[in-house]
There are 2 protein chains.
Amino acid sequence: MTTIKDIAKKVGVSVTTVSRALNDYDDVSLVTKEQIQAVAKELNYVPNRSAQNLVTKQNKTLAIILSGLEPEGGKDNIVYGLLAGMYCYAESINYEVVLFTMSSALQTEKTYVQFCKEHNIGGAVLNGIRTDDPYLKELVDSDLPCVLIDVFIEGKNTSSISIDNVQAAKDAVTYLIENGHRNIGMINGRREAAVSEERLEGYAEGLKQNNLLYKDSYVVYADFLEKEAYEKSMTLMSKYPEITALFCASDMMAIGAIKAAKKLGKKVPRDISIVGFDNIPIAEYSSPTLTTIGQDFYAMGQKAAKQLVKMIKGEKVKKRVLLKHKLLARDSVSML
Amino acid sequence: MTTIKDIAKKVGVSVTTVSRALNDYDDVSLVTKEQIQAVAKELNYVPNRSAQNLVTKQNKTLAIILSGLEPEGGKDNIVYGLLAGMYCYAESINYEVVLFTMSSALQTEKTYVQFCKEHNIGGAVLNGIRTDDPYLKELVDSDLPCVLIDVFIEGKNTSSISIDNVQAAKDAVTYLIENGHRNIGMINGRREAAVSEERLEGYAEGLKQNNLLYKDSYVVYADFLEKEAYEKSMTLMSKYPEITALFCASDMMAIGAIKAAKKLGKKVPRDISIVGFDNIPIAEYSSPTLTTIGQDFYAMGQKAAKQLVKMIKGEKVKKRVLLKHKLLARDSVSML
DNA sequence: TTGTATGCGTTATCAA
DNA sequence: TTGATAACGCATACAA
């Protein structure tokens, strides 16, 4: 591997000069600078990041910390979108992106903070981490810039990004009501998830604003899982046949609900209307195509990376950023 | 940040001893070792990877080099599977994974080799890179261990992983023939892709083995794109109404073909049977559900990482690894 | 069993 | 405008 030393020798200058020439300092004569750059190219010189990092203590690396990367996961494309968005911005400013997951934290008994220190991480984007994760607390209590997706936690140096989940849920419910539905059930996600609470709130608000009664019994929790949603919605629809619409806090759960409806001999949307959440790729191709709340995870990843970099540079950022969502009217809802 | 120096000072030994204790050498007394480890923990010591990398020249980082991370990409979940599989193995042996894409290569004018050198990458997994990419040539010509997904290229230190695409295509076609189909069209992918050629070969072989005539006119190329496949298959079906089955080289193209069939008033599978390739998440949820060739990208990513690590360690590896595929019989094919 | 000294490749400080 | 030298944090050859 060629180093600045090699270049220095070949050109006949000191390593200092080479370093400065390569970093385009202006206290080096144009002639030598050009000469050095030419030789660098000729020798295929590539700076060694480890050495750079070691001496500059700069942290041009962003981490994305996830709950896990499961073989069967990824159907929702959320991680992909987030990662792609982050990467897109990071690369544009010559930053790197590395991955870390909770599972590896458990396995190696390495905390997020440790991982970040070890790799000179400048800041981290977190997604899908449980709010009661002790490693999370350690991280947000540390000085390290963190951007949290979908949850709002006060921390030393943190910021949050999400859509307005309350409003989005309200939009979904309102849309159902506009379509004539009066008895609307909700298939919510994991009880502990912040978004679940927010979406429930939006659901309740939507009902209230239209003078409909909120009923606890119309709400079930299905952990964001298709199968669980299948079972829970089956029970719900059987028990309360007056329900004509279901608002689901995720598309995968909506898919489960559609299956349940079919199993019960109900046609979607003729007998029961269903709205999902997220707009995962499957939503557009399922049968019927799924009316849902669209989130732009790519944009979210991009924004997260941007925030992070600002925070790394010590600039002020909004503690909480709300991105736009969009109701996508497709075929799983019909006018009553 | 605490360093081994701090620990050394506190314990009252040299940095050498600390280094050895922390790396669990056995030429350090148990007492001091335990003492050192205790203090390290107390001071929240985390080794600095940059420093380690710099001195050991070890390259405990794997790269995954992709064609790009598009906002609208990822539907097929291939990148996710590959990445998850790689990461899973990498983390188990305390390796890292970083991303690099062709798009960033273009943008920064940085070649894959440069990126890898710069980051002390031990080896790289490549997916979706065009075989005529000059940067690819430079990479496989270099000493850096590379594992190529889906393409077989001889290189200085390379190895390839894929399923047996010829056999898989043959399986698909044979399945259609077993279901009574005699006039089978093929929607192939990008002309230049190695897998396209292999799948075409399997398609032809399947026909031949069953004494059916291969017809050039029954094969169209649709660049692995849904829309393109929609148009091309529309033309194909219109021009040759005797065709009763379509073998598509990707699921997204199969989805396009199904749409085209519907548009033409043909019912799938009653009027036309369709087989896809890949088993992307959508395949299971589309209407009708898609009969397809299942590839396990997670397993592929894992295997790729394993190969890579072996190569990094200088062990011999197979130049070409073939993973198992599986025909998944679902609802898009019917007996003629 | 432990410590001294050296070097990895780079940048930064200071002096020339 | 340039160069000598130190420093970053760590691992290792060698000496003690």
# chains A, B, ... in the order shown; residues from 1 in each chain; ligands from 1
call {"tool": "residues_around", "arguments": {"residues": "DT10 in chain C", "least_positions_apart": "2", "cutoff": "10 Å", "atoms": "only C-alpha atoms (C1' of nucleotides)", "output": "PDB file with N, CA and C atoms (P, O5', C5', C4', C3', O3' and C1' of nucleotides), in the first residue's frame"}}
result
ATOM      1  N   THR A   3       1.789   5.022   0.824  1.00  0.00           N
ATOM      2  CA  THR A   3       1.474   5.988   1.874  1.00  0.00           C
ATOM      3  C   THR A   3       2.047   7.350   1.483  1.00  0.00           C
ATOM      4  N   ILE A   4       1.770   8.321   2.302  1.00  0.00           N
ATOM      5  CA  ILE A   4       2.297   9.646   1.965  1.00  0.00           C
ATOM      6  C   ILE A   4       3.830   9.633   1.991  1.00  0.00           C
ATOM      7  N   VAL A  15       6.879  14.524   4.376  1.00  0.00           N
ATOM      8  CA  VAL A  15       5.508  14.013   4.470  1.00  0.00           C
ATOM      9  C   VAL A  15       4.542  15.131   4.811  1.00  0.00           C
ATOM     10  N   THR A  16       4.997  16.061   5.583  1.00  0.00           N
ATOM     11  CA  THR A  16       4.146  17.184   5.952  1.00  0.00           C
ATOM     12  C   THR A  16       3.622  17.887   4.707  1.00  0.00           C
ATOM     13  N   SER A  19       1.105  15.811   2.917  1.00  0.00           N
ATOM     14  CA  SER A  19      -0.175  15.842   3.614  1.00  0.00           C
ATOM     15  C   SER A  19      -0.921  17.128   3.287  1.00  0.00           C
ATOM     16  N   PRO A  47      -5.812   7.464   1.016  1.00  0.00           N
ATOM     17  CA  PRO A  47      -5.553   7.741   2.432  1.00  0.00           C
ATOM     18  C   PRO A  47      -6.077   6.624   3.318  1.00  0.00           C
ATOM     19  N   ASN A  48      -5.418   6.403   4.391  1.00  0.00           N
ATOM     20  CA  ASN A  48      -5.842   5.383   5.340  1.00  0.00           C
ATOM     21  C   ASN A  48      -6.758   6.014   6.386  1.00  0.00           C
ATOM     22  N   ARG A  49      -8.014   5.592   6.327  1.00  0.00           N
ATOM     23  CA  ARG A  49      -9.005   6.190   7.224  1.00  0.00           C
ATOM     24  C   ARG A  49      -8.691   5.966   8.696  1.00  0.00           C
ATOM     25  N   SER A  50      -8.172   4.803   8.988  1.00  0.00           N
ATOM     26  CA  SER A  50      -7.874   4.500  10.393  1.00  0.00           C
ATOM     27  C   SER A  50      -6.867   5.505  10.931  1.00  0.00           C
ATOM     28  N   ALA A  51      -5.842   5.749  10.141  1.00  0.00           N
ATOM     29  CA  ALA A  51      -4.822   6.696  10.573  1.00  0.00           C
ATOM     30  C   ALA A  51      -5.415   8.096  10.692  1.00  0.00           C
ATOM     31  N   GLN A  52      -6.228   8.447   9.717  1.00  0.00           N
ATOM     32  CA  GLN A  52      -6.868   9.761   9.762  1.00  0.00           C
ATOM     33  C   GLN A  52      -7.741   9.902  10.999  1.00  0.00           C
ATOM     34  N   ASN A  53      -8.567   8.900  11.192  1.00  0.00           N
ATOM     35  CA  ASN A  53      -9.463   8.947  12.339  1.00  0.00           C
ATOM     36  C   ASN A  53      -8.688   9.046  13.645  1.00  0.00           C
ATOM     37  N   LEU A  54      -7.628   8.273  13.685  1.00  0.00           N
ATOM     38  CA  LEU A  54      -6.857   8.219  14.918  1.00  0.00           C
ATOM     39  C   LEU A  54      -6.334   9.589  15.292  1.00  0.00           C
ATOM     40  N   VAL A  55      -5.833  10.286  14.322  1.00  0.00           N
ATOM     41  CA  VAL A  55      -5.198  11.555  14.629  1.00  0.00           C
ATOM     42  C   VAL A  55      -6.176  12.727  14.672  1.00  0.00           C
ATOM     43  N   THR A  56      -7.155  12.695  13.810  1.00  0.00           N
ATOM     44  CA  THR A  56      -8.066  13.843  13.786  1.00  0.00           C
ATOM     45  C   THR A  56      -9.211  13.699  14.773  1.00  0.00           C
TER      46      THR A  56
ATOM     47  P    DC C   8       6.250   1.623  10.139  1.00  0.00           P
ATOM     48  O5'  DC C   8       4.696   1.445   9.912  1.00  0.00           O
ATOM     49  C5'  DC C   8       4.026   0.223  10.134  1.00  0.00           C
ATOM     50  C4'  DC C   8       2.580   0.516  10.445  1.00  0.00           C
ATOM     51  C3'  DC C   8       2.059   1.751   9.709  1.00  0.00           C
ATOM     52  O3'  DC C   8       1.453   1.319   8.498  1.00  0.00           O
ATOM     53  C1'  DC C   8       1.353   1.688  12.029  1.00  0.00           C
ATOM     54  P    DA C  12      -4.946  18.488  11.176  1.00  0.00           P
ATOM     55  O5'  DA C  12      -3.857  18.827  12.278  1.00  0.00           O
ATOM     56  C5'  DA C  12      -3.928  18.193  13.567  1.00  0.00           C
ATOM     57  C4'  DA C  12      -2.904  18.825  14.489  1.00  0.00           C
ATOM     58  C3'  DA C  12      -2.784  20.344  14.344  1.00  0.00           C
ATOM     59  O3'  DA C  12      -2.475  20.888  15.630  1.00  0.00           O
ATOM     60  C1'  DA C  12      -0.740  19.339  13.733  1.00  0.00           C
TER      61       DA C  12
ATOM     62  P    DC D   8      -1.297  12.082  22.573  1.00  0.00           P
ATOM     63  O5'  DC D   8      -2.566  11.524  21.815  1.00  0.00           O
ATOM     64  C5'  DC D   8      -3.277  12.231  20.801  1.00  0.00           C
ATOM     65  C4'  DC D   8      -3.872  11.227  19.850  1.00  0.00           C
ATOM     66  C3'  DC D   8      -4.067   9.839  20.455  1.00  0.00           C
ATOM     67  O3'  DC D   8      -5.397   9.729  20.930  1.00  0.00           O
ATOM     68  C1'  DC D   8      -3.174   9.762  18.201  1.00  0.00           C
TER      69       DC D   8
END
call {"tool": "interface_residues", "arguments": {"of": "chain A", "to": "chain D", "cutoff": "7 Å", "atoms": "only C-alpha atoms (C1' of nucleotides)", "output": "PyMOL selection string"}}
result
chain A and resi 14+17+27-29+54-55
call {"tool": "residues_around", "arguments": {"residues": "Glu226 in chain A", "least_positions_apart": "4", "cutoff": "8 Å", "atoms": "only C-alpha atoms (C1' of nucleotides)", "output": "PyMOL selection string"}}
result
chain A and resi 222+230+252-257
call {"tool": "residues_around", "arguments": {"residues": "Gly185 in chain B", "least_positions_apart": "2", "cutoff": "6 Å", "atoms": "only C-alpha atoms (C1' of nucleotides)", "output": "list in words"}}
result
Tyr218, Val219 and Leu246 of chain B
call {"tool": "atom_distance", "arguments": {"atom1": "CA of Leu212 in chain B", "atom2": "CA of Leu336 in chain B"}}
result
15.9 Å
call {"tool": "closest_atom_pairs", "arguments": {"of": "chain B", "to": "chain A", "cutoff": "7 Å", "atoms": "only C-alpha atoms", "output": "CSV"}}
result
residue,atom,partner,partner_atom,distance
B:Val46,CA,A:Glu118,CA,5.8
B:Pro47,CA,A:Glu118,CA,5.7
B:Asn48,CA,A:Glu118,CA,4.9
B:Arg49,CA,A:Glu118,CA,5.6
B:Ser50,CA,A:Ser50,CA,4.4
B:Ala51,CA,A:Leu54,CA,6.1
B:Asn53,CA,A:Ser50,CA,6.4
B:Leu54,CA,A:Ser50,CA,5.7
B:Leu69,CA,A:Ala84,CA,5.2
B:Glu70,CA,A:Ala84,CA,6.7
B:Pro71,CA,A:Tyr298,CA,5.8
B:Gly74,CA,A:Tyr80,CA,6.4
B:Lys75,CA,A:Pro281,CA,6.0
B:Asn77,CA,A:Gly74,CA,6.6
B:Tyr80,CA,A:Gly74,CA,6.4
B:Gly81,CA,A:Pro71,CA,6.6
B:Ala84,CA,A:Leu69,CA,5.2
B:Glu91,CA,A:Ser104,CA,6.2
B:Val97,CA,A:Val98,CA,6.4
B:Val98,CA,A:Val98,CA,5.1
B:Leu99,CA,A:Val97,CA,6.7
B:Ser104,CA,A:Glu91,CA,6.2
B:Gln114,CA,A:Val46,CA,6.1
B:Lys117,CA,A:Val46,CA,6.7
B:Glu118,CA,A:Asn48,CA,4.9
B:His119,CA,A:Arg49,CA,5.7
B:Pro281,CA,A:Lys75,CA,6.0
B:Ile282,CA,A:Ile282,CA,5.2
B:Tyr285,CA,A:Ser286,CA,5.4
B:Ser286,CA,A:Ser286,CA,4.9
B:Ser287,CA,A:Ser287,CA,5.8
B:Tyr298,CA,A:Pro71,CA,5.8
call {"tool": "write_last_selection", "arguments": {"atoms": "C-alpha atoms", "output": "compact mmCIF listing (two decimals), in the first residue's frame"}}
result
# COMPACT_ATOMS: atom_id res chain seq x y z
CA VAL B 46 -13.49 0.57 24.92
CA PRO B 47 -10.70 -0.21 22.49
CA ASN B 48 -10.23 2.22 19.66
CA ARG B 49 -10.74 0.36 16.41
CA SER B 50 -8.90 2.90 14.35
CA ALA B 51 -5.81 2.46 16.45
CA ASN B 53 -6.65 -1.36 12.67
CA LEU B 54 -3.74 0.91 12.13
CA LEU B 69 -29.85 2.05 -2.93
CA GLU B 70 -32.80 3.61 -4.68
CA PRO B 71 -35.77 5.22 -2.96
CA GLY B 74 -35.86 -2.78 -2.14
CA LYS B 75 -39.24 -4.15 -3.05
CA ASN B 77 -36.01 -7.59 -0.46
CA TYR B 80 -32.11 -6.74 2.76
CA GLY B 81 -31.70 -10.52 2.75
CA ALA B 84 -29.01 -9.40 7.00
CA GLU B 91 -21.40 -10.07 14.01
CA VAL B 97 -20.19 -4.51 7.72
CA VAL B 98 -20.10 -1.31 5.73
CA LEU B 99 -21.92 -0.30 2.61
CA SER B 104 -21.41 6.86 -4.71
CA GLN B 114 -10.04 2.77 -3.35
CA LYS B 117 -8.24 0.25 0.74
CA GLU B 118 -9.30 3.42 2.45
CA HIS B 119 -11.36 1.50 4.97
CA PRO B 281 -42.43 -10.98 -0.27
CA ILE B 282 -45.08 -9.73 -2.66
CA TYR B 285 -49.61 -11.83 -1.23
CA SER B 286 -50.34 -11.05 -4.83
CA SER B 287 -53.48 -12.19 -6.53
CA TYR B 298 -30.37 -14.52 3.71
call {"tool": "select_by_dssp", "arguments": {"residues": "range 71-294 of chain B", "states": "strand (DSSP E)", "output": "PyMOL selection string"}}
result
chain B and resi 96-101+123-127+146-149+158-163+184-188+219-221+245-248+273-278+291-294
call {"tool": "residues_around", "arguments": {"residues": "range 238-244 of chain B", "least_positions_apart": "3", "cutoff": "6 Å", "atoms": "only C-alpha atoms (C1' of nucleotides)", "output": "number ranges by chain"}}
result
B: 183-184, 235, 272
call {"tool": "closest_atom_pairs", "arguments": {"of": "chain C", "to": "chain B", "cutoff": "10 Å", "atoms": "only C-alpha atoms (C1' of nucleotides)", "output": "tab-separated table"}}
result
residue	atom	partner	partner_atom	distance
C:DT1	C1'	B:Val28	CA	5.8
C:DT2	C1'	B:Thr17	CA	6.9
C:DG3	C1'	B:Ser14	CA	6.3
C:DT4	C1'	B:Thr16	CA	9.4
C:DG7	C1'	B:Val55	CA	7.9
C:DC8	C1'	B:Val55	CA	4.4
C:DG9	C1'	B:Leu54	CA	7.4
call {"tool": "residues_around", "arguments": {"residues": "Asn157 in chain B", "least_positions_apart": "3", "cutoff": "8 Å", "atoms": "only C-alpha atoms (C1' of nucleotides)", "output": "list of chain:residue names"}}
result
B:Val140, B:Asp141, B:Ser142, B:Asp143, B:Leu144, B:Pro145, B:Cys146, B:Met311
call {"tool": "atom_distance", "arguments": {"atom1": "CA of Ala21 in chain A", "atom2": "CA of Ile36 in chain A"}}
result
6.8 Å
call {"tool": "atom_distance", "arguments": {"atom1": "CA of Tyr203 in chain B", "atom2": "CA of Ala169 in chain B"}}
result
5.4 Å
call {"tool": "residues_around", "arguments": {"residues": "Asn279 in chain A", "least_positions_apart": "6", "cutoff": "8 Å", "atoms": "only C-alpha atoms (C1' of nucleotides)", "output": "PyMOL selection string"}}
result
chain A and resi 251+292-295
call {"tool": "write_last_selection", "arguments": {"atoms": "N, CA and C atoms", "output": "short mmCIF file (atom, residue, chain, number, x, y, z; two decimals), in the first residue's frame"}}
result
data_model
loop_
_atom_site.label_atom_id
_atom_site.label_comp_id
_atom_site.auth_asym_id
_atom_site.auth_seq_id
_atom_site.Cartn_x
_atom_site.Cartn_y
_atom_site.Cartn_z
N ASP A 251 -49.57 -2.24 7.91
CA ASP A 251 -50.07 -2.93 6.73
C ASP A 251 -50.06 -4.44 6.91
N THR A 292 -54.15 2.88 2.69
CA THR A 292 -53.23 2.95 3.82
C THR A 292 -52.68 4.36 4.01
N ILE A 293 -51.99 4.53 5.12
CA ILE A 293 -51.28 5.79 5.37
C ILE A 293 -49.85 5.62 4.88
N GLY A 294 -49.46 6.42 3.92
CA GLY A 294 -48.12 6.30 3.37
C GLY A 294 -47.09 7.07 4.16
N GLN A 295 -46.03 6.37 4.52
CA GLN A 295 -44.89 7.03 5.15
C GLN A 295 -43.72 6.92 4.20
#
call {"tool": "select_by_dssp", "arguments": {"residues": "range 41-161 of chain A", "states": "alpha helix (DSSP H)", "output": "VMD selection string"}}
result
chain A and resid 41 to 42 49 to 56 78 to 92 102 to 108 112 to 118 134 to 141
call {"tool": "write_last_selection", "arguments": {"atoms": "N, CA and C atoms", "output": "tab-separated table (two decimals), in the first residue's frame"}}
result
chain	number	residue	atom	x	y	z
A	41	LYS	N	-1.58	10.17	-7.64
A	41	LYS	CA	-2.45	9.48	-8.59
A	41	LYS	C	-1.68	8.34	-9.24
A	42	GLU	N	-0.47	8.64	-9.60
A	42	GLU	CA	0.36	7.65	-10.27
A	42	GLU	C	0.57	6.42	-9.38
A	49	ARG	N	-8.01	5.59	6.33
A	49	ARG	CA	-9.00	6.19	7.22
A	49	ARG	C	-8.69	5.97	8.70
A	50	SER	N	-8.17	4.80	8.99
A	50	SER	CA	-7.87	4.50	10.39
A	50	SER	C	-6.87	5.51	10.93
A	51	ALA	N	-5.84	5.75	10.14
A	51	ALA	CA	-4.82	6.70	10.57
A	51	ALA	C	-5.41	8.10	10.69
A	52	GLN	N	-6.23	8.45	9.72
A	52	GLN	CA	-6.87	9.76	9.76
A	52	GLN	C	-7.74	9.90	11.00
A	53	ASN	N	-8.57	8.90	11.19
A	53	ASN	CA	-9.46	8.95	12.34
A	53	ASN	C	-8.69	9.05	13.65
A	54	LEU	N	-7.63	8.27	13.69
A	54	LEU	CA	-6.86	8.22	14.92
A	54	LEU	C	-6.33	9.59	15.29
A	55	VAL	N	-5.83	10.29	14.32
A	55	VAL	CA	-5.20	11.56	14.63
A	55	VAL	C	-6.18	12.73	14.67
A	56	THR	N	-7.16	12.70	13.81
A	56	THR	CA	-8.07	13.84	13.79
A	56	THR	C	-9.21	13.70	14.77
A	78	ILE	N	-39.01	-1.13	5.66
A	78	ILE	CA	-38.74	0.07	6.45
A	78	ILE	C	-37.25	0.25	6.67
A	79	VAL	N	-36.61	-0.81	7.08
A	79	VAL	CA	-35.18	-0.73	7.30
A	79	VAL	C	-34.46	-0.34	6.02
A	80	TYR	N	-34.89	-0.94	4.92
A	80	TYR	CA	-34.28	-0.61	3.64
A	80	TYR	C	-34.41	0.88	3.34
A	81	GLY	N	-35.62	1.39	3.50
A	81	GLY	CA	-35.86	2.80	3.20
A	81	GLY	C	-35.02	3.71	4.06
A	82	LEU	N	-35.02	3.43	5.32
A	82	LEU	CA	-34.24	4.22	6.27
A	82	LEU	C	-32.76	4.21	5.90
A	83	LEU	N	-32.27	3.02	5.68
A	83	LEU	CA	-30.86	2.84	5.36
A	83	LEU	C	-30.50	3.54	4.06
A	84	ALA	N	-31.33	3.34	3.05
A	84	ALA	CA	-31.06	3.95	1.75
A	84	ALA	C	-31.05	5.47	1.87
A	85	GLY	N	-32.01	6.00	2.59
A	85	GLY	CA	-32.08	7.44	2.76
A	85	GLY	C	-30.87	7.98	3.50
A	86	MET	N	-30.52	7.32	4.58
A	86	MET	CA	-29.35	7.72	5.35
A	86	MET	C	-28.11	7.68	4.49
A	87	TYR	N	-27.96	6.56	3.81
A	87	TYR	CA	-26.77	6.36	3.01
A	87	TYR	C	-26.65	7.42	1.92
A	88	CYS	N	-27.79	7.72	1.32
A	88	CYS	CA	-27.80	8.71	0.24
A	88	CYS	C	-27.24	10.03	0.71
A	89	TYR	N	-27.69	10.49	1.85
A	89	TYR	CA	-27.17	11.76	2.33
A	89	TYR	C	-25.72	11.63	2.80
A	90	ALA	N	-25.46	10.56	3.50
A	90	ALA	CA	-24.12	10.36	4.04
A	90	ALA	C	-23.07	10.36	2.94
A	91	GLU	N	-23.35	9.64	1.88
A	91	GLU	CA	-22.36	9.54	0.82
A	91	GLU	C	-22.12	10.89	0.16
A	92	SER	N	-23.18	11.70	0.13
A	92	SER	CA	-23.05	12.98	-0.55
A	92	SER	C	-22.10	13.91	0.19
A	102	MET	N	-29.41	-4.71	18.01
A	102	MET	CA	-29.62	-5.11	19.38
A	102	MET	C	-29.18	-6.53	19.58
A	103	SER	N	-29.48	-7.38	18.61
A	103	SER	CA	-29.13	-8.79	18.78
A	103	SER	C	-27.63	-8.95	18.97
A	104	SER	N	-26.86	-8.17	18.22
A	104	SER	CA	-25.43	-8.31	18.38
A	104	SER	C	-24.98	-7.69	19.70
A	105	ALA	N	-25.75	-6.71	20.15
A	105	ALA	CA	-25.44	-6.12	21.45
A	105	ALA	C	-25.60	-7.19	22.53
A	106	LEU	N	-26.70	-7.93	22.43
A	106	LEU	CA	-26.94	-8.98	23.41
A	106	LEU	C	-25.86	-10.05	23.34
A	107	GLN	N	-25.56	-10.40	22.10
A	107	GLN	CA	-24.62	-11.49	21.89
A	107	GLN	C	-23.23	-11.16	22.41
A	108	THR	N	-22.79	-9.95	22.08
A	108	THR	CA	-21.43	-9.59	22.44
A	108	THR	C	-21.38	-8.83	23.76
A	112	TYR	N	-24.63	-0.06	23.02
A	112	TYR	CA	-24.61	0.82	21.87
A	112	TYR	C	-23.51	1.86	22.02
A	113	VAL	N	-23.38	2.35	23.23
A	113	VAL	CA	-22.37	3.36	23.49
A	113	VAL	C	-20.98	2.80	23.22
A	114	GLN	N	-20.76	1.61	23.68
A	114	GLN	CA	-19.46	0.98	23.45
A	114	GLN	C	-19.18	0.85	21.96
A	115	PHE	N	-20.18	0.34	21.27
A	115	PHE	CA	-20.00	0.18	19.83
A	115	PHE	C	-19.64	1.51	19.18
A	116	CYS	N	-20.36	2.54	19.56
A	116	CYS	CA	-20.14	3.84	18.95
A	116	CYS	C	-18.77	4.41	19.28
A	117	LYS	N	-18.37	4.26	20.52
A	117	LYS	CA	-17.04	4.73	20.91
A	117	LYS	C	-15.97	3.99	20.13
A	118	GLU	N	-16.13	2.70	20.13
A	118	GLU	CA	-15.15	1.83	19.50
A	118	GLU	C	-14.91	2.23	18.04
A	134	PRO	N	-32.24	-0.82	28.33
A	134	PRO	CA	-31.30	-0.07	29.19
A	134	PRO	C	-30.14	0.52	28.39
A	135	TYR	N	-29.74	-0.17	27.33
A	135	TYR	CA	-28.66	0.35	26.49
A	135	TYR	C	-29.09	1.65	25.82
A	136	LEU	N	-30.39	1.73	25.52
A	136	LEU	CA	-30.89	2.94	24.89
A	136	LEU	C	-30.75	4.12	25.85
A	137	LYS	N	-31.13	3.87	27.08
A	137	LYS	CA	-31.02	4.93	28.08
A	137	LYS	C	-29.59	5.42	28.20
A	138	GLU	N	-28.69	4.46	28.25
A	138	GLU	CA	-27.27	4.82	28.34
A	138	GLU	C	-26.86	5.70	27.16
A	139	LEU	N	-27.38	5.34	26.01
A	139	LEU	CA	-27.00	6.08	24.80
A	139	LEU	C	-27.55	7.50	24.79
A	140	VAL	N	-28.84	7.63	25.09
A	140	VAL	CA	-29.41	8.98	25.04
A	140	VAL	C	-28.90	9.84	26.20
A	141	ASP	N	-28.43	9.18	27.24
A	141	ASP	CA	-27.85	9.93	28.34
A	141	ASP	C	-26.43	10.37	28.03
call {"tool": "decode", "arguments": {"residues": "range 14-37 of chain A", "atoms": "C-alpha atoms", "output": "mmCIF file, in the first residue's frame"}}
result
data_model
loop_
_atom_site.group_PDB
_atom_site.id
_atom_site.type_symbol
_atom_site.label_atom_id
_atom_site.label_comp_id
_atom_site.auth_asym_id
_atom_site.auth_seq_id
_atom_site.Cartn_x
_atom_site.Cartn_y
_atom_site.Cartn_z
ATOM 1 C CA SER A 14 8.607 15.919 3.455
ATOM 2 C CA VAL A 15 5.508 14.013 4.470
ATOM 3 C CA THR A 16 4.146 17.184 5.952
ATOM 4 C CA THR A 17 4.161 18.861 2.589
ATOM 5 C CA VAL A 18 2.542 15.881 1.014
ATOM 6 C CA SER A 19 -0.175 15.842 3.614
ATOM 7 C CA ARG A 20 -0.832 19.503 3.093
ATOM 8 C CA ALA A 21 -0.794 19.248 -0.655
ATOM 9 C CA LEU A 22 -3.212 16.366 -0.602
ATOM 10 C CA ASN A 23 -5.539 18.206 1.713
ATOM 11 C CA ASP A 24 -5.343 21.191 -0.552
ATOM 12 C CA TYR A 25 -3.890 23.629 1.933
ATOM 13 C CA ASP A 26 -2.943 26.937 0.403
ATOM 14 C CA ASP A 27 0.387 27.287 2.154
ATOM 15 C CA VAL A 28 2.064 25.029 -0.353
ATOM 16 C CA SER A 29 3.307 26.205 -3.724
ATOM 17 C CA LEU A 30 1.220 25.365 -6.688
ATOM 18 C CA VAL A 31 4.047 23.616 -8.447
ATOM 19 C CA THR A 32 4.815 21.159 -5.690
ATOM 20 C CA LYS A 33 1.161 20.688 -5.013
ATOM 21 C CA GLU A 34 0.475 19.649 -8.559
ATOM 22 C CA GLN A 35 3.531 17.500 -8.619
ATOM 23 C CA ILE A 36 2.486 15.746 -5.444
ATOM 24 C CA GLN A 37 -1.045 15.209 -6.623
#
